[in-house]
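Colleague: Before I ask anything, let me first share the structure, which is written out below as structure tokens.
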Amino acid sequence: MTNFKKYLLISLSLALISAVLLLVYFVPRFDHTDTAQYISTIKNISGDRGAELFQNRILKPMPIFISVLLSPVFGEKNSLIIQNLVFYFLSVFLIFLLIYRLYKNEKQAFYGTVLYIGAYPMLAYGLAALTDLSGWFFYILSILISLNFIEKPNLKTAFLAGSIAGLGILFKENMAAAPIFFASILFLTTNLSVKDKLKHILIYGIPFAIIILVNSIIIYKLYSYSYLDWYMAQFNHPQEGFFAYTPLRIAIEMIRVLLVGWVFVLLGIKKELIAKNKERMKVLAALILPSLSFFLWAYPHNRIAYIAAPLLVLLGSFGILRNYKNYKLNNFVELTLLSLYVLVNYAALEFFLNYGTILQPPGTFFG
């Protein structure tokens, strides 16, 4: 067995262990405020007119409609969880490929995968009855396709990348980060003329825009509701108190994305500045703007900020690598740091489950 297959198998095995632990011990204790709205909407579309349809949930119709098909067998809540379980393992596979593609280091790809599956937003929201994981999956997939494009720019790959991004936005609105990455990577890494760059962006945008437009027309015809209505409602009723955009709230939510893992990210940035790998730094730079797209949301939250996961785990996986002369010491320190990261995040999840509603208003930790 090659090192690549070995570390990939270990990554998937650890992902399985983490998923079982979450599903058995943690997920049944979750009380996310969004979950009840998803369940009620699924029931309404399934024919239960006594259940309320939440219009903002139907704007991203695919998780709802898939759950409508699955719910007669698995129930509404489990139908959402089953979808997330599929996207969970697919995204684990893709994040491993992404890290390996940029660094050509199987062990580092394994470390980055653990950073991804062990992050607080993944533990608290990934396998819950929500729709965030589908957005994370499609975003990573769109990054990989965009990287294929810059290796060999052509209209077909640009069209494919736009189609995947458009499909992803039918699952989660945070996929709006994908075209930002495509445009950024196009301008930062390719030697195409400005005219050709704009042409490829146009080809990318055609399927992306068509999918959004068709979906919006259908949803508006059926439910008289649109993304514009949703955004206007957010802006006309700005969040107050703890939900408001304040430096303290932003800092809290950003810290919770990785907790102690931020140390690895800072070390990774330092190592990248020393390594001066220009091509890799261009890719990392192209991920910055889409990673900041969570500021477009109505209020700061770590599960929205986790759209930055690809950038953070790339840097963090690089930062966790040690360069001692003793190979065994390197492995011992790296695995110790990685284990500490996972334990702290699980401990934080347990702590917030027990005391979160005491420390903050309901919904701020598990909204």
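Scheme for the structure tokens: letters A, B, ... for chains in order shown; per-chain residue numbers from 1; ligand numbers from 1 in order shown.
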Please produce, as CSV, a per-residue contact table for region 152-260 of chain A versus region 112-130 of chain A (criterion: any atom at most 12 Å away, only C-alpha atoms considered), showing the nearest atom pair and its distance in Å to one decimal, sorted by chain then residue number.

Modeller:
```
residue,atom,partner,partner_atom,distance
A:Phe171,CA,A:Leu130,CA,10.6
A:Lys172,CA,A:Leu130,CA,10.1
A:Glu253,CA,A:Pro121,CA,9.9
A:Met254,CA,A:Pro121,CA,10.5
A:Ile255,CA,A:Tyr120,CA,9.8
A:Arg256,CA,A:Tyr120,CA,6.4
A:Val257,CA,A:Tyr120,CA,5.8
A:Leu258,CA,A:Ala119,CA,5.5
A:Leu259,CA,A:Tyr120,CA,7.7
A:Val260,CA,A:Ala119,CA,9.9
```

Colleague: Export, as a PDB file, in the first residue's frame, the selected residues with C-alpha atoms.

Modeller:
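In the end it all went to selection09.pdb:
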```
ATOM      1  CA  PHE A 171     -27.856  23.398  -1.098  1.00  0.00           C
ATOM      2  CA  LYS A 172     -26.321  26.318   0.790  1.00  0.00           C
ATOM      3  CA  GLU A 253     -16.808  33.421  16.676  1.00  0.00           C
ATOM      4  CA  MET A 254     -13.466  33.474  14.871  1.00  0.00           C
ATOM      5  CA  ILE A 255     -11.667  31.908  17.825  1.00  0.00           C
ATOM      6  CA  ARG A 256     -14.250  29.137  18.021  1.00  0.00           C
ATOM      7  CA  VAL A 257     -13.599  28.151  14.403  1.00  0.00           C
ATOM      8  CA  LEU A 258     -10.326  26.428  15.348  1.00  0.00           C
ATOM      9  CA  LEU A 259      -9.642  27.265  19.022  1.00  0.00           C
ATOM     10  CA  VAL A 260      -6.034  26.139  19.692  1.00  0.00           C
TER      11      VAL A 260
END
```

Colleague: Could you give me, as a tab-separated table, a per-residue list for region 97-202 of chain A showing, wherever an atom lies at most 12 Å from an atom of region 271-282 of chain A, the closest pair of atoms and their distance in Å to one decimal, using only C-alpha atoms and sorting by chain then residue number from low to high?

Modeller:
```
residue	atom	partner	partner_atom	distance
A:Leu98	CA	A:Arg280	CA	11.8
A:Ile99	CA	A:Arg280	CA	10.9
A:Tyr100	CA	A:Arg280	CA	11.9
A:Arg101	CA	A:Arg280	CA	10.0
A:Leu102	CA	A:Arg280	CA	6.5
A:Tyr103	CA	A:Arg280	CA	8.3
A:Lys104	CA	A:Arg280	CA	11.4
A:Leu147	CA	A:Arg280	CA	11.1
A:Ile150	CA	A:Glu279	CA	11.1
A:Glu151	CA	A:Glu279	CA	11.3
A:Phe181	CA	A:Lys282	CA	11.3
A:Ser184	CA	A:Lys282	CA	9.2
A:Ile185	CA	A:Lys282	CA	7.4
A:Leu186	CA	A:Lys282	CA	10.1
A:Phe187	CA	A:Lys282	CA	9.8
A:Leu188	CA	A:Lys282	CA	6.2
A:Thr189	CA	A:Lys282	CA	6.5
A:Thr190	CA	A:Lys282	CA	10.3
```

Colleague: Let me see the file: selected residues, C-alpha atoms, as a PDB file, in the first residue's frame.

Modeller:
```pdb
ATOM      1  CA  LEU A  98      -6.666  19.449  -1.774  1.00  0.00           C
ATOM      2  CA  ILE A  99      -3.902  19.510   0.851  1.00  0.00           C
ATOM      3  CA  TYR A 100      -1.911  16.821  -0.938  1.00  0.00           C
ATOM      4  CA  ARG A 101      -2.284  18.651  -4.227  1.00  0.00           C
ATOM      5  CA  LEU A 102      -0.700  21.825  -2.872  1.00  0.00           C
ATOM      6  CA  TYR A 103       1.979  20.288  -0.629  1.00  0.00           C
ATOM      7  CA  LYS A 104       2.610  16.778  -2.041  1.00  0.00           C
ATOM      8  CA  LEU A 147      -7.286  24.388  -9.698  1.00  0.00           C
ATOM      9  CA  ILE A 150      -5.592  27.065 -13.898  1.00  0.00           C
ATOM     10  CA  GLU A 151      -3.387  24.103 -14.837  1.00  0.00           C
ATOM     11  CA  PHE A 181     -12.256  32.129  -5.571  1.00  0.00           C
ATOM     12  CA  SER A 184      -9.239  35.484  -7.735  1.00  0.00           C
ATOM     13  CA  ILE A 185      -7.282  32.417  -8.838  1.00  0.00           C
ATOM     14  CA  LEU A 186      -7.800  33.322 -12.488  1.00  0.00           C
ATOM     15  CA  PHE A 187      -6.279  36.775 -12.105  1.00  0.00           C
ATOM     16  CA  LEU A 188      -3.508  35.720  -9.715  1.00  0.00           C
ATOM     17  CA  THR A 189      -2.132  32.636 -11.445  1.00  0.00           C
ATOM     18  CA  THR A 190      -2.819  32.625 -15.180  1.00  0.00           C
TER      19      THR A 190
END
```

Colleague: Excluding region 49-59 of chain A and its own-chain neighbours fewer than 6 positions away, which residues fall within 8 Å of it when counting only C-alpha atoms? Please give them as an MDAnalysis selection string.

Modeller: chainID A and resid 37:38 40:43 170 216 219 223 225:227 230

Colleague: Pull the alpha helix (DSSP H) assignments for region 33-123 of chain A out of DSSP run on the backbone, and list those residues as a CSV table (one decimal) with C-alpha atoms, in the first residue's frame.

Modeller:
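The new file states_35.csv reads:
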```
chain,number,residue,atom,x,y,z
A,33,THR,CA,-32.9,26.7,16.4
A,34,ASP,CA,-32.7,26.2,12.6
A,35,THR,CA,-33.4,22.5,12.8
A,36,ALA,CA,-37.1,22.9,13.9
A,37,GLN,CA,-37.6,25.2,10.9
A,38,TYR,CA,-36.1,22.7,8.4
A,39,ILE,CA,-38.2,19.9,9.9
A,40,SER,CA,-41.4,22.0,9.8
A,41,THR,CA,-40.8,23.0,6.2
A,42,ILE,CA,-40.1,19.4,5.1
A,43,LYS,CA,-43.4,18.3,6.8
A,44,ASN,CA,-45.3,21.1,5.0
A,45,ILE,CA,-44.0,20.1,1.6
A,55,GLN,CA,-39.8,30.6,3.2
A,56,ASN,CA,-36.1,31.4,3.9
A,57,ARG,CA,-35.4,27.6,4.2
A,58,ILE,CA,-36.9,26.7,0.8
A,61,PRO,CA,-34.4,23.6,-2.0
A,62,MET,CA,-32.2,20.6,-2.5
A,63,PRO,CA,-31.7,19.5,1.1
A,64,ILE,CA,-35.5,20.0,1.7
A,65,PHE,CA,-36.6,18.1,-1.4
A,66,ILE,CA,-34.1,15.2,-0.8
A,67,SER,CA,-35.5,15.0,2.8
A,68,VAL,CA,-39.0,14.9,1.5
A,69,LEU,CA,-38.1,11.8,-0.5
A,70,LEU,CA,-36.2,10.2,2.4
A,71,SER,CA,-38.5,11.2,5.3
A,72,PRO,CA,-41.1,8.4,4.8
A,73,VAL,CA,-38.4,5.9,5.6
A,74,PHE,CA,-36.0,7.8,7.9
A,76,GLU,CA,-37.4,14.4,8.6
A,77,LYS,CA,-34.6,15.0,11.1
A,78,ASN,CA,-32.7,11.8,10.2
A,79,SER,CA,-33.1,12.6,6.5
A,80,LEU,CA,-31.1,15.8,7.0
A,81,ILE,CA,-28.5,14.0,9.0
A,82,ILE,CA,-28.1,11.2,6.4
A,83,GLN,CA,-27.4,13.8,3.7
A,84,ASN,CA,-24.8,15.4,5.9
A,85,LEU,CA,-23.2,12.0,6.6
A,86,VAL,CA,-22.7,11.5,2.8
A,87,PHE,CA,-21.3,15.0,2.3
A,88,TYR,CA,-19.1,14.5,5.4
A,89,PHE,CA,-17.1,11.6,4.0
A,90,LEU,CA,-17.0,13.1,0.5
A,91,SER,CA,-15.6,16.4,1.9
A,92,VAL,CA,-13.1,14.5,4.0
A,93,PHE,CA,-11.8,12.8,0.9
A,94,LEU,CA,-11.7,16.1,-1.0
A,95,ILE,CA,-9.9,18.1,1.7
A,96,PHE,CA,-7.2,15.3,1.8
A,97,LEU,CA,-6.8,15.7,-2.0
A,98,LEU,CA,-6.7,19.4,-1.8
A,99,ILE,CA,-3.9,19.5,0.9
A,100,TYR,CA,-1.9,16.8,-0.9
A,101,ARG,CA,-2.3,18.7,-4.2
A,102,LEU,CA,-0.7,21.8,-2.9
A,103,TYR,CA,2.0,20.3,-0.6
A,106,GLU,CA,0.7,12.6,2.6
A,107,LYS,CA,1.3,13.0,6.3
A,108,GLN,CA,0.4,16.7,6.1
A,109,ALA,CA,-2.7,15.9,4.2
A,110,PHE,CA,-3.7,13.5,7.0
A,111,TYR,CA,-3.0,16.3,9.6
A,112,GLY,CA,-5.1,18.8,7.7
A,113,THR,CA,-7.9,16.3,7.4
A,114,VAL,CA,-7.9,15.9,11.2
A,115,LEU,CA,-7.9,19.7,11.6
A,116,TYR,CA,-11.0,19.7,9.3
A,117,ILE,CA,-13.0,17.0,10.9
A,120,TYR,CA,-15.5,23.1,16.5
A,121,PRO,CA,-18.0,24.1,13.7
```

Colleague: Give me the residues near Arg322 (chain A) as a VMD selection string, where near means some atom within 9 Å (using only C-alpha atoms) and where sequence neighbours in that chain fewer than 2 positions away do not count.

Modeller: chain A and resid 319 to 320 324 329 to 331 333 to 334

Colleague: Would you export the selected residues with N, CA and C atoms as a PDB file, in the first residue's frame, please?

Modeller:
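Writing done, so here's out.pdb:
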```pdb
ATOM      1  N   GLY A 319       1.712  24.274   9.348  1.00  0.00           N
ATOM      2  CA  GLY A 319       2.258  24.781  10.599  1.00  0.00           C
ATOM      3  C   GLY A 319       2.508  23.712  11.643  1.00  0.00           C
ATOM      4  N   ILE A 320       1.734  22.627  11.602  1.00  0.00           N
ATOM      5  CA  ILE A 320       1.873  21.594  12.626  1.00  0.00           C
ATOM      6  C   ILE A 320       3.100  20.716  12.398  1.00  0.00           C
ATOM      7  N   TYR A 324      12.435  18.774  13.636  1.00  0.00           N
ATOM      8  CA  TYR A 324      13.521  18.308  14.486  1.00  0.00           C
ATOM      9  C   TYR A 324      14.357  17.274  13.728  1.00  0.00           C
ATOM     10  N   LEU A 329      10.775  11.951  17.079  1.00  0.00           N
ATOM     11  CA  LEU A 329      10.371  13.087  17.904  1.00  0.00           C
ATOM     12  C   LEU A 329       9.403  13.977  17.131  1.00  0.00           C
ATOM     13  N   ASN A 330       9.657  14.161  15.841  1.00  0.00           N
ATOM     14  CA  ASN A 330       8.731  14.929  15.006  1.00  0.00           C
ATOM     15  C   ASN A 330       7.324  14.344  15.072  1.00  0.00           C
ATOM     16  N   ASN A 331       7.230  13.045  14.843  1.00  0.00           N
ATOM     17  CA  ASN A 331       5.931  12.380  14.846  1.00  0.00           C
ATOM     18  C   ASN A 331       5.246  12.485  16.205  1.00  0.00           C
ATOM     19  N   VAL A 333       5.645  14.763  18.628  1.00  0.00           N
ATOM     20  CA  VAL A 333       5.191  16.128  18.912  1.00  0.00           C
ATOM     21  C   VAL A 333       3.992  16.484  18.041  1.00  0.00           C
ATOM     22  N   GLU A 334       4.051  16.133  16.760  1.00  0.00           N
ATOM     23  CA  GLU A 334       2.954  16.457  15.843  1.00  0.00           C
ATOM     24  C   GLU A 334       1.660  15.781  16.265  1.00  0.00           C
TER      25      GLU A 334
END
```

Colleague: If we count only C-alpha atoms and set the cut-off at 9 Å, which residues sit around Pro153 (chain A), ignoring sequence neighbours fewer than 4 positions away in its own chain? Please answer as a ChimeraX atom specification.

Modeller: /A:148-149,157-158,190,192,200

Colleague: Provide the CA of Ser291 (chain A) to CA of Ser13 (chain A) distance in Å, to one decimal place.

Modeller: 28.1 Å

Colleague: Please identify all polymer residues within 8 Å of Ile201 (chain A), counting only C-alpha atoms, omitting same-chain residues fewer than 3 positions from it, and present them as an MDAnalysis selection string.

Modeller: chainID A and resid 158 182:183 197:198 204:205

Colleague: Compare A:Leu340, A:Ala347, A:Ile140, A:Leu155 by their minimum atom-to-atom distance to Leu314 (chain A), counting only C-alpha atoms, and give me the closest one.

Modeller: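 Using only C-alpha atoms, the shortest distance to Leu314 (chain A) belongs to A:Ile140.
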
Colleague: What's the 9 Å shell around Ser142 (chain A), counting only C-alpha atoms, without same-chain residues fewer than 4 positions away, as a tab-separated table (two decimals) with C-alpha atoms, in the first residue's frame?

Modeller:
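Result went into selection-v4.tsv, see below:
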```tsv
chain	number	residue	atom	x	y	z
A	137	PHE	CA	-18.42	20.01	0.36
A	138	PHE	CA	-19.39	21.87	-2.81
A	146	SER	CA	-10.82	25.65	-10.34
A	147	LEU	CA	-7.29	24.39	-9.70
A	161	ALA	CA	-16.72	24.93	-12.32
A	162	GLY	CA	-19.61	27.38	-12.67
A	164	ILE	CA	-20.81	22.91	-9.72
A	165	ALA	CA	-20.95	26.24	-7.90
A	168	GLY	CA	-23.96	23.91	-4.66
A	178	ALA	CA	-16.93	29.87	-5.05
A	179	PRO	CA	-17.04	32.44	-7.90
A	181	PHE	CA	-12.26	32.13	-5.57
A	182	PHE	CA	-12.48	31.37	-9.29
```

Colleague: Mind giving me the straight-line distance from CA of Ala285 (chain A) to CA of Ile269 (chain A) in Å, one decimal?

Modeller: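 Between CA of Ala285 (chain A) and CA of Ile269 (chain A) the gap works out to 11.2 Å.
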
Colleague: With only C-alpha atoms as the atoms that count, which of A:Ile169, A:Ile203, A:Ile180, A:Ala209 lies nearest to Asn154 (chain A)?

Modeller: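 So, comparing all the options, the nearest one is A:Ile203.
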
Colleague: Please, what distance in Å, to one decimal, runs between CA of Ala286 (chain A) and CA of Ile210 (chain A)?

Modeller: 24.8 Å
